[in-house]
Amino acid sequence: MFIIVKKTAEDFAKEQKEISVSEFFEKNKHLLGFDNPTKALMMTVKEAVDNALDACQDAGIVPDITVKIKQSGEDKYVVSVQDNGPGIVKEQIGRIFGKLLYGSKFHKLRQSRGQQGIGISAVVLYSQLTTGNPAKVWSKVESKKKTHYFEMHLNTMKNEPEVIKEEDIDYAVLGESGIKIEITVVGRYRKTIEDYLKQTSIANPFAKINFTSPDGTKITYPRSINELPKEPKIMKPHPYGMEFGTLQRMLHNSSSRTLQSFMTNEFSSVGAQTAKELCKVAKLDANSKPESLDRDAIEKVMNAVQKVKIQRPPLDCLSPIGESELEKSLRKEYPNAEFITTITREPTVYRGFPFMIEAGIVYDEKDIEVDDEKKKGDAIDVLRIANRVPLLYQSGACATIEAVKDVDWKRYGLSQSANSLPTGPVKVVIHMCSVWVPFISESKEAIAPYPDIVKEMKLAIQDAGRNFSRFLSGRRRAGEQKRRVQIFERYANEVANSIAGLTGKQEKEIEKKLLGMIKNRVKIIEKEIEEENNKNGVNNESNKEETKKDEKPKQEKIKEKK
Amino acid sequence: MITIAKDVRKELKGLGEKVLKDIEKQENPNIEIPIRALSNVVFDKKTGQLGLGDKTSKRFYFNVAHSKKFMQTMMVANFTNSLINEKIHASIRDMYYNLKRTFPDSNENTFDEQQESDPIIVDLEVALNILRENLHLTTDRKGIVAGNVVIEDRGDKIDWSKLGSGGWSIPSTVDEIDFDRVNADFVLVVEKNAGFERLHEDKFWQKNKCILIGTGGQPSRGTRLLIQRLNSEHKLPVYVFTDSDSYGWYIYSVIKSGSISLAHVSDRIATPEAKFVGLTISDIFEYDLKKCTIKAKEIDIKRAKELLDYEWFKNPKWQKEINLMIEKGIKAEIEALSHRGLKFMSETYLPSKLKKKDFLD
């Protein structure tokens with residue numbers, strides 16, 4: 001006989017306990033992008049470099065970044081990333097690197113690389129889980145002060161840093177100021193790391209990156225401009241795109257005394273007039289205390305936002321790469337490209353968030369010829385960049401890819417089958433900058449394909465495409481001219497030989513004269529091509545006559561069938 | 001008359017010199033070629049022959065669409081020039097292989113297929129007004145002949161009456177043979193080899209003192225030239241014997257007036273005096289062959305309607321026959337005559353038709 005022991009709610013209560021964020025991520029590494037060793041090593045480099053760039057840019061320092069990867073075991077790598085940023089004060093080092101969801105950016109609506117404060121601490125956590133090694137951090141905040149050295153773990157139960165070793169050191173690790181971090185992870189080295197750094201350099205033309213790969217190869221990605229971009233402004237949230245929970249939290253934390261002042265203080269684009277109207281439409285007293293609003297009232301505010309016309313958010317919070325800067329940086333990375341064009345679209349808005357799309361097209365036929373692995377039939381490369389950070393995974397789900405597929409590339413002479421990327425020696429760069437880029441997951445690998453965003457990306461590609469198209473038709477004309485000259489030159493010898501045979505004159509003489517004529521005719525050939533293009537004509541009159549002659553009379557054909 | 005070799009050489013040299021002159025004058029080198037499309041084919045009522053009109057087109061070296069053909073034309077001209085100089089012959093296939101080569105530093109060939117070089121020969125014929133045969137180019141033998149005739153071919157004497165069960169295979173270069181003795185009253189041309197065999201076995205040519213020619217379908221240029229020479233040089237009447245259908249009748253018309261695709265050589269290989277002896281639709285009723293007819297197919301009727309419109313079928317007798325075929329929807333093969341006995345064709349039908357001079361013209 002079985003005795004069935006019934007569990008009571010109290011019994012369950014004993015088993016139920018809080019799960020720390022760290023514990024959660026320990027079990028769900030994939031959510032942060034550490035699905036496999038290759039990606040894990042990539043994420044390590046990426047998070048550290050992103051942080052370094054953000055730190056430098058925020059401090060107004062032109063970044064100089066050194067990345068080194070060394071193999072320390074069969075599947076173990078030591079990644080070190082050093083910057084010339086402002087450094088981090090002693091008291092903060094532990095929390096920044098050893099506590100998940102700690103950071104300066106989450107609460108601000110401002111265009112930056114990191115958003116949630118997960119990245120680098122997740123790397124520390126991953127390192128600890130796979131190798132047990134502590135993370136090593138060197139920080140120098142002022143040239144006069146000593147370098148502070150830290151070794152630490154992350155306590156996953158408490159989501160708190162655990163310092164193992166801490167000391168001030170005398171010898172120079174860093175220059176004037178900056179951070180160096182050294183982390184050991186289980187991973188696998190692939191060339192994609194170099195792709196990431198190359199693309200990072202494209203997206204951050206003001207940064208210089210020195211890289212040493214595990215086999216000792218040194219690559220420098222130089223800067224193509226010497227100034228930092230204008231610092232993006234912090235933006236208050238815009239009422240459009242506001243969610244219930246966010247609004248509730250804002251109301252409760254607000255120091256404003258009335259609903260109306262709450263609205264004008266906490267939101268962008270809301271003046272006294274708009275605030276009054278919002279209250280009126282919501283049928284709420286403009287003077288009621290913000291924290292007094294109940295669920296019902298919040299719901300009313302949410303509905304009113306949909307009904308009242310509110311000015312679009314300010315656009316000075318965006319920091320695009322810039323048309324000419326992007327072009328310079330593409331030139332630098334693709335020095336052999338035959339053609340490069342870039343465009344920056346005007347800012348626009350999705351769900352209350354301003355955003356801006358930039359696009360570039362690189363035509364690099366030589367690249368394909370040089371690179372053996374690539375064949376002409378391969379799909380074009382799409383460089384996806386969000387807030388100056390290259391995206392390398394989950395391209396299939398990304399808004400950028402959707403936009404590229406949506407463009408009719410056949411008009412640019414590339415072949416493209418339905419609903420796929422075109423093929424050809426082309427690279428397309430798409431950069432989205434926004435105060436809040438909607439990624440499809442925490443690992444920030446793909447931009448969610450909101451229709452407004454996809455549409456804007458498509459328009460950007462088409463804008464760039466117009467320049468591309470002009471380049472291609474010029475190129476086609478030049479190619480056609482070359483082809484024709486080649487044909488005439490190729491046949492000259494046989495023609496000269498035949499004329500010599502028929503007339504008894506010198507073959508060499510005749511050939512020389514013919515080749516001379518070809519040289520003199522280049523201008524005429526050019527004009528002919530021009531005229532044919534204007535006529536849009538495949539068949540000019542004289543061609544037709546020649547083809548007609550080859551048609552056999554119908555009657556004869558029928559007779560032959562007998 | 002046929003252009004002799006010396007003149008052909010002159011024509012070829014002329015072509016080379018013309019092009020050379022263009023080059024020296026810094027003008028776009030070109031060859032003028034009469035257009036061979038149906039639109040430029042005309043029927044000359046006076047001579048009863050098809051011919052080319054005066055529309056021409058120019059083939060330019062400096063025109064991407066023409067350039068290759070220009071070169072090919074020059075190559076063929078030069079090739080045939082050397083054939084004539086060396087007094088040798090080549091088949092049109094030989095020529096294709098001889099001229100086929102790949103340009104240095106490319107994968108392009110001078111000629112990719114024989115289908116490319118064959119039309120060039122015709123272009124040259126038209127442009128220079130000479131015959132392919134005069135260019136020393138040969139094709140496969142097609143057509144058989146038997147009769148009381150002795151000829152000389154490349155130094156050998158051949159007696160067409162002593163070739164047993166076969167006959168003499170007609171070469172493509174009939175212009176080069178000489179007639180030693182021609183003992184015949186007329187020429188009978190039979191469309192089918194089977195018909196030739198029947199008449200040959202029955203000693204038709206002996207009994208009727210004629211020359212018997214089997215074309216084996218559409219007659220080759222050699223066969224047409226032979227018929228023309230027998231008619232013009234030896235004043236022999238020519239009678240054509242084909243199936244009773246639109247295809248057979250067109251064979252007759254090709255022998256008599258020339259064909260549309262070779263309209264440019266009609267005056268040299270057509271025989272306007274040729275007459276049609278049979279089979280007609282009327283014969284089917286006359287000789288009681290109704291049981292042996294075949295139902296005409298849609299395509300036969302369509303073709304017959306086209307014949308009705310040709311200038312050279314406007315003779316009321318022909319119009320009557322063609323209309324009769326369309327109306328009855330029937331056709332018949334010459335073998336149908338065997339229904340009345342195997343020797344009916346050679347002993348009854350043909351002698352009676354010839355005697356009555358029951359011909360269509």
# chains A, B, ... in the order shown; residues from 1 in each chain; ligands from 1
>>> closest_atom_pairs(of="chain B", to="chain A", cutoff="8 Å", atoms="only C-alpha atoms", output="tab-separated table")
residue	atom	partner	partner_atom	distance
B:Leu12	CA	A:Leu502	CA	6.6
B:Lys13	CA	A:Leu502	CA	5.1
B:Leu15	CA	A:Leu502	CA	7.9
B:Gly16	CA	A:Ile499	CA	5.1
B:Glu17	CA	A:Thr503	CA	6.1
B:Val19	CA	A:Ile499	CA	7.6
B:Leu20	CA	A:Ile499	CA	7.0
B:Ile23	CA	A:Leu514	CA	7.0
B:Glu24	CA	A:Lys513	CA	7.8
B:Gln26	CA	A:Met517	CA	6.9
B:Ile35	CA	A:Lys549	CA	6.3
B:Arg36	CA	A:Lys549	CA	5.6
B:Ala37	CA	A:Lys549	CA	5.3
B:Leu38	CA	A:Pro553	CA	6.4
B:Ser57	CA	A:Glu545	CA	6.9
B:Arg59	CA	A:Glu546	CA	7.9
B:Tyr61	CA	A:Phe488	CA	7.6
B:Phe62	CA	A:Phe488	CA	7.0
B:Val64	CA	A:Arg484	CA	6.3
B:Ala65	CA	A:Asn543	CA	5.7
B:His66	CA	A:Asn543	CA	7.2
B:Ser67	CA	A:Phe488	CA	7.1
B:Lys68	CA	A:Tyr491	CA	7.2
B:Met71	CA	A:Val495	CA	5.4
B:Met74	CA	A:Ser498	CA	5.7
B:Met75	CA	A:Ser498	CA	5.5
B:Ala77	CA	A:Ser498	CA	7.5
B:Asn78	CA	A:Ser498	CA	5.2
B:Asn81	CA	A:Leu502	CA	6.9
B:Ser82	CA	A:Gly501	CA	7.9
B:Phe103	CA	A:Arg490	CA	7.0
B:Pro119	CA	A:Asp550	CA	7.4
B:Gln218	CA	A:Glu560	CA	7.5
B:Tyr247	CA	A:Lys559	CA	6.2
B:Ser259	CA	A:Glu556	CA	7.8
B:Ile260	CA	A:Pro553	CA	6.5
B:Ser261	CA	A:Pro553	CA	6.0
>>> write_last_selection(atoms="C-alpha atoms", output="short mmCIF file (atom, residue, chain, number, x, y, z; two decimals), in the first residue's frame")
data_model
loop_
_atom_site.label_atom_id
_atom_site.label_comp_id
_atom_site.auth_asym_id
_atom_site.auth_seq_id
_atom_site.Cartn_x
_atom_site.Cartn_y
_atom_site.Cartn_z
CA LEU B 12 37.41 36.63 -104.38
CA LYS B 13 40.41 38.85 -104.95
CA LEU B 15 36.41 41.19 -102.26
CA GLY B 16 39.78 41.29 -100.50
CA GLU B 17 40.80 44.43 -102.36
CA VAL B 19 37.94 45.60 -97.88
CA LEU B 20 41.57 46.61 -98.01
CA ILE B 23 40.89 50.14 -94.42
CA GLU B 24 43.25 52.37 -96.35
CA GLN B 26 40.02 54.71 -92.81
CA ILE B 35 19.27 40.01 -98.32
CA ARG B 36 18.13 36.40 -98.49
CA ALA B 37 14.93 36.72 -96.48
CA LEU B 38 11.50 35.97 -97.97
CA SER B 57 22.65 44.81 -96.24
CA ARG B 59 28.21 43.62 -92.91
CA TYR B 61 33.79 45.04 -89.19
CA PHE B 62 33.24 47.84 -86.67
CA VAL B 64 29.75 44.39 -82.53
CA ALA B 65 26.71 42.66 -83.96
CA HIS B 66 28.41 42.08 -87.33
CA SER B 67 32.07 41.87 -86.48
CA LYS B 68 32.31 38.12 -85.98
CA MET B 71 35.59 37.98 -89.90
CA MET B 74 36.64 36.84 -94.82
CA MET B 75 37.98 33.53 -93.48
CA ALA B 77 36.61 33.60 -98.74
CA ASN B 78 40.29 33.09 -98.05
CA ASN B 81 40.53 30.95 -102.55
CA SER B 82 43.29 28.61 -101.48
CA PHE B 103 41.49 32.99 -80.25
CA PRO B 119 25.29 30.12 -93.96
CA GLN B 218 14.05 17.41 -101.90
CA TYR B 247 5.13 18.37 -100.57
CA SER B 259 13.56 27.46 -103.90
CA ILE B 260 13.04 30.38 -101.60
CA SER B 261 16.15 29.69 -99.52
#
>>> atom_distance(atom1="CA of Phe206 in chain A", atom2="CA of Ser80 in chain A")
21.2 Å
>>> residues_around(residues="Glu311 in chain B", least_positions_apart="5", cutoff="10 Å", atoms="only C-alpha atoms", output="PyMOL selection string")
chain B and resi 42-45+48+50
>>> write_last_selection(atoms="C-alpha atoms", output="mmCIF file, in the first residue's frame")
data_model
loop_
_atom_site.group_PDB
_atom_site.id
_atom_site.type_symbol
_atom_site.label_atom_id
_atom_site.label_comp_id
_atom_site.auth_asym_id
_atom_site.auth_seq_id
_atom_site.Cartn_x
_atom_site.Cartn_y
_atom_site.Cartn_z
ATOM 1 C CA VAL B 42 10.821 37.724 -106.131
ATOM 2 C CA PHE B 43 9.249 35.573 -108.821
ATOM 3 C CA ASP B 44 10.175 36.561 -112.342
ATOM 4 C CA LYS B 45 7.190 35.733 -114.537
ATOM 5 C CA GLY B 48 9.526 31.519 -114.471
ATOM 6 C CA LEU B 50 12.539 32.767 -108.200
#
>>> select_by_dssp(residues="range 71-225 of chain B", states="alpha helix (DSSP H)", output="PyMOL selection string")
chain B and resi 71-86+92-99+114-128+193-201+204-208+221-225
>>> residues_around(residues="Leu199 in chain B", least_positions_apart="3", cutoff="12 Å", atoms="only C-alpha atoms", output="number ranges by chain")
B: 145-147, 165-167, 188-190, 192-196, 202-208, 210-214, 241, 334-335, 338, 342-351
>>> write_last_selection(atoms="C-alpha atoms", output="PDB file, in the first residue's frame")
ATOM      1  CA  VAL B 145      20.784   8.668-112.205  1.00  0.00           C
ATOM      2  CA  ALA B 146      20.549   5.936-114.886  1.00  0.00           C
ATOM      3  CA  GLY B 147      20.251   6.133-118.675  1.00  0.00           C
ATOM      4  CA  SER B 165      21.050  -2.516-110.010  1.00  0.00           C
ATOM      5  CA  GLY B 166      22.333   0.806-108.711  1.00  0.00           C
ATOM      6  CA  GLY B 167      22.781   4.002-110.573  1.00  0.00           C
ATOM      7  CA  LEU B 188      12.129  11.639-115.919  1.00  0.00           C
ATOM      8  CA  VAL B 189      12.703  12.866-112.371  1.00  0.00           C
ATOM      9  CA  VAL B 190      11.196  10.708-109.608  1.00  0.00           C
ATOM     10  CA  LYS B 192      11.274   8.804-104.289  1.00  0.00           C
ATOM     11  CA  ASN B 193      14.114   6.302-104.328  1.00  0.00           C
ATOM     12  CA  ALA B 194      11.500   3.513-104.226  1.00  0.00           C
ATOM     13  CA  GLY B 195       9.963   4.857-107.421  1.00  0.00           C
ATOM     14  CA  PHE B 196      13.409   5.018-109.027  1.00  0.00           C
ATOM     15  CA  ASP B 202      11.448  -2.444-115.116  1.00  0.00           C
ATOM     16  CA  LYS B 203      14.064  -1.013-117.541  1.00  0.00           C
ATOM     17  CA  PHE B 204      11.847   2.016-117.998  1.00  0.00           C
ATOM     18  CA  TRP B 205      14.712   4.222-119.235  1.00  0.00           C
ATOM     19  CA  GLN B 206      15.680   1.624-121.834  1.00  0.00           C
ATOM     20  CA  LYS B 207      12.202   0.995-123.089  1.00  0.00           C
ATOM     21  CA  ASN B 208      11.272   4.693-123.165  1.00  0.00           C
ATOM     22  CA  CYS B 210      15.016   8.435-121.309  1.00  0.00           C
ATOM     23  CA  ILE B 211      17.289   9.414-118.416  1.00  0.00           C
ATOM     24  CA  LEU B 212      15.913   8.396-115.049  1.00  0.00           C
ATOM     25  CA  ILE B 213      16.762  10.490-112.009  1.00  0.00           C
ATOM     26  CA  GLY B 214      15.787   9.732-108.408  1.00  0.00           C
ATOM     27  CA  PHE B 241       6.944  12.536-111.098  1.00  0.00           C
ATOM     28  CA  ILE B 334       3.176   7.064-106.261  1.00  0.00           C
ATOM     29  CA  GLU B 335       3.338   3.542-104.846  1.00  0.00           C
ATOM     30  CA  SER B 338       1.004  -0.738-107.519  1.00  0.00           C
ATOM     31  CA  LEU B 342       3.525  -3.826-109.824  1.00  0.00           C
ATOM     32  CA  LYS B 343       4.336  -2.938-113.425  1.00  0.00           C
ATOM     33  CA  PHE B 344       1.330  -0.692-113.833  1.00  0.00           C
ATOM     34  CA  MET B 345       3.466   2.380-113.218  1.00  0.00           C
ATOM     35  CA  SER B 346       6.140   1.622-115.795  1.00  0.00           C
ATOM     36  CA  GLU B 347       4.024  -0.142-118.402  1.00  0.00           C
ATOM     37  CA  THR B 348       0.704   1.616-118.296  1.00  0.00           C
ATOM     38  CA  TYR B 349       0.461   4.775-116.265  1.00  0.00           C
ATOM     39  CA  LEU B 350       3.601   6.668-117.275  1.00  0.00           C
ATOM     40  CA  PRO B 351       3.615   5.664-120.969  1.00  0.00           C
TER      41      PRO B 351
END
>>> residues_around(residues="Phe179 in chain B", least_positions_apart="4", cutoff="10 Å", atoms="only C-alpha atoms", output="tab-separated table (two decimals) with N, CA and C atoms, in the first residue's frame")
chain	number	residue	atom	x	y	z
B	149	VAL	N	23.82	7.17	-121.19
B	149	VAL	CA	24.66	8.36	-121.21
B	149	VAL	C	26.07	7.96	-120.79
B	150	VAL	N	27.07	8.57	-121.41
B	150	VAL	CA	28.45	8.37	-120.95
B	150	VAL	C	29.02	9.74	-120.58
B	151	ILE	N	29.61	9.78	-119.40
B	151	ILE	CA	30.18	11.06	-118.96
B	151	ILE	C	31.65	10.88	-118.62
B	152	GLU	N	32.35	12.02	-118.45
B	152	GLU	CA	33.74	11.96	-118.00
B	152	GLU	C	33.83	12.78	-116.71
B	153	ASP	N	34.27	12.09	-115.67
B	153	ASP	CA	34.34	12.73	-114.35
B	153	ASP	C	35.75	12.55	-113.79
B	157	LYS	N	35.80	7.62	-117.44
B	157	LYS	CA	34.58	7.56	-118.24
B	157	LYS	C	33.57	6.69	-117.50
B	158	ILE	N	32.35	7.19	-117.40
B	158	ILE	CA	31.32	6.44	-116.67
B	158	ILE	C	30.10	6.29	-117.57
B	229	ARG	N	21.42	21.06	-116.58
B	229	ARG	CA	22.40	20.90	-117.68
B	229	ARG	C	21.84	20.01	-118.79
B	230	LEU	N	21.15	18.91	-118.40
B	230	LEU	CA	20.58	18.01	-119.41
B	230	LEU	C	19.54	18.75	-120.24
B	233	GLU	N	21.75	22.01	-122.05
B	233	GLU	CA	22.82	21.66	-122.97
B	233	GLU	C	22.39	20.62	-123.99
B	234	HIS	N	21.44	19.79	-123.63
B	234	HIS	CA	21.04	18.70	-124.54
B	234	HIS	C	19.59	18.76	-124.96
>>> select_by_dssp(residues="range 27-256 of chain A", states="strand (DSSP E or B)", output="MDAnalysis selection string")
chainID A and resid 64:71 76:82 109 135:140 147:155 160:169 178:186 208:212 218:221 235
>>> residues_around(residues="Gln311 in chain A", least_positions_apart="5", cutoff="10 Å", atoms="only C-alpha atoms", output="ChimeraX atom specification")
/A:238-240,268-271,274,352
>>> write_last_selection(atoms="C-alpha atoms", output="mmCIF file, in the first residue's frame")
data_model
loop_
_atom_site.group_PDB
_atom_site.id
_atom_site.type_symbol
_atom_site.label_atom_id
_atom_site.label_comp_id
_atom_site.auth_asym_id
_atom_site.auth_seq_id
_atom_site.Cartn_x
_atom_site.Cartn_y
_atom_site.Cartn_z
ATOM 1 C CA HIS A 238 8.217 60.330 -24.513
ATOM 2 C CA PRO A 239 4.597 59.481 -23.636
ATOM 3 C CA TYR A 240 4.193 57.379 -26.801
ATOM 4 C CA SER A 268 9.865 65.051 -23.188
ATOM 5 C CA SER A 269 7.724 67.046 -25.615
ATOM 6 C CA VAL A 270 5.006 67.666 -23.027
ATOM 7 C CA GLY A 271 4.350 71.328 -22.205
ATOM 8 C CA THR A 274 -0.382 69.245 -23.618
ATOM 9 C CA GLY A 352 8.130 57.365 -28.756
#
>>> residues_around(residues="range 334-346 of chain A", least_positions_apart="2", cutoff="10 Å", atoms="only C-alpha atoms", output="JSON, numbers by chain")
{"A": [315, 320, 321, 322, 323, 324, 325, 326, 327, 328, 329, 330, 331, 332, 348, 355, 356, 357, 358, 359, 360, 361, 362, 363, 364, 365, 366, 367, 425, 426, 427, 428, 429, 430, 431, 456, 457, 459, 460, 461, 462, 463, 464, 465, 466, 467, 468, 471, 472, 475]}
>>> write_last_selection(atoms="C-alpha atoms", output="short mmCIF file (atom, residue, chain, number, x, y, z; two decimals), in the first residue's frame")
data_model
loop_
_atom_site.label_atom_id
_atom_site.label_comp_id
_atom_site.auth_asym_id
_atom_site.auth_seq_id
_atom_site.Cartn_x
_atom_site.Cartn_y
_atom_site.Cartn_z
CA LEU A 315 16.13 64.46 -31.90
CA PRO A 320 25.00 59.00 -35.93
CA ILE A 321 28.35 57.96 -37.40
CA GLY A 322 27.82 60.55 -40.15
CA GLU A 323 27.81 60.20 -43.90
CA SER A 324 31.34 61.35 -44.62
CA GLU A 325 32.77 59.72 -41.48
CA LEU A 326 31.21 56.38 -42.37
CA GLU A 327 32.55 56.68 -45.89
CA LYS A 328 36.05 57.47 -44.64
CA SER A 329 36.02 54.56 -42.32
CA LEU A 330 34.76 52.17 -45.01
CA ARG A 331 37.48 53.45 -47.36
CA LYS A 332 40.03 52.74 -44.69
CA THR A 348 12.41 59.54 -37.02
CA PHE A 355 16.02 56.69 -34.07
CA MET A 356 18.14 57.21 -37.11
CA ILE A 357 19.28 54.91 -39.88
CA GLU A 358 22.52 55.09 -41.80
CA ALA A 359 23.41 52.93 -44.74
CA GLY A 360 26.43 52.28 -46.88
CA ILE A 361 27.07 50.23 -49.99
CA VAL A 362 30.54 48.93 -50.82
CA TYR A 363 31.27 47.42 -54.21
CA ASP A 364 34.44 45.41 -54.05
CA GLU A 365 34.88 42.98 -56.90
CA LYS A 366 38.57 42.48 -56.19
CA ASP A 367 37.83 41.37 -52.66
CA PRO A 425 30.57 41.51 -54.60
CA VAL A 426 28.67 43.93 -52.43
CA LYS A 427 28.65 44.83 -48.74
CA VAL A 428 25.77 46.69 -47.21
CA VAL A 429 26.25 48.52 -43.92
CA ILE A 430 23.21 49.43 -41.85
CA HIS A 431 23.55 51.40 -38.65
CA GLU A 456 13.28 53.31 -42.62
CA MET A 457 16.17 50.90 -43.22
CA LEU A 459 14.54 53.72 -47.54
CA ALA A 460 18.13 54.21 -46.41
CA ILE A 461 19.38 51.37 -48.64
CA GLN A 462 17.40 52.74 -51.55
CA ASP A 463 18.86 56.21 -51.01
CA ALA A 464 22.34 54.73 -51.13
CA GLY A 465 21.18 52.52 -54.00
CA ARG A 466 20.53 55.54 -56.20
CA ASN A 467 24.21 56.48 -56.05
CA PHE A 468 25.16 52.85 -56.52
CA PHE A 471 28.08 54.06 -60.48
CA LEU A 472 26.99 50.77 -62.02
CA ARG A 475 30.82 51.04 -65.02
#
>>> closest_residue(among="B:Glu108, B:Glu273, B:Glu306, B:Asp7", to="Phe186 in chain B", atoms="only C-alpha atoms")
B:Glu273
>>> closest_residue(among="A:Thr400, A:Thr131, A:Asn51, A:Ile380", to="Gln416 in chain A", atoms="only C-alpha atoms")
A:Ile380
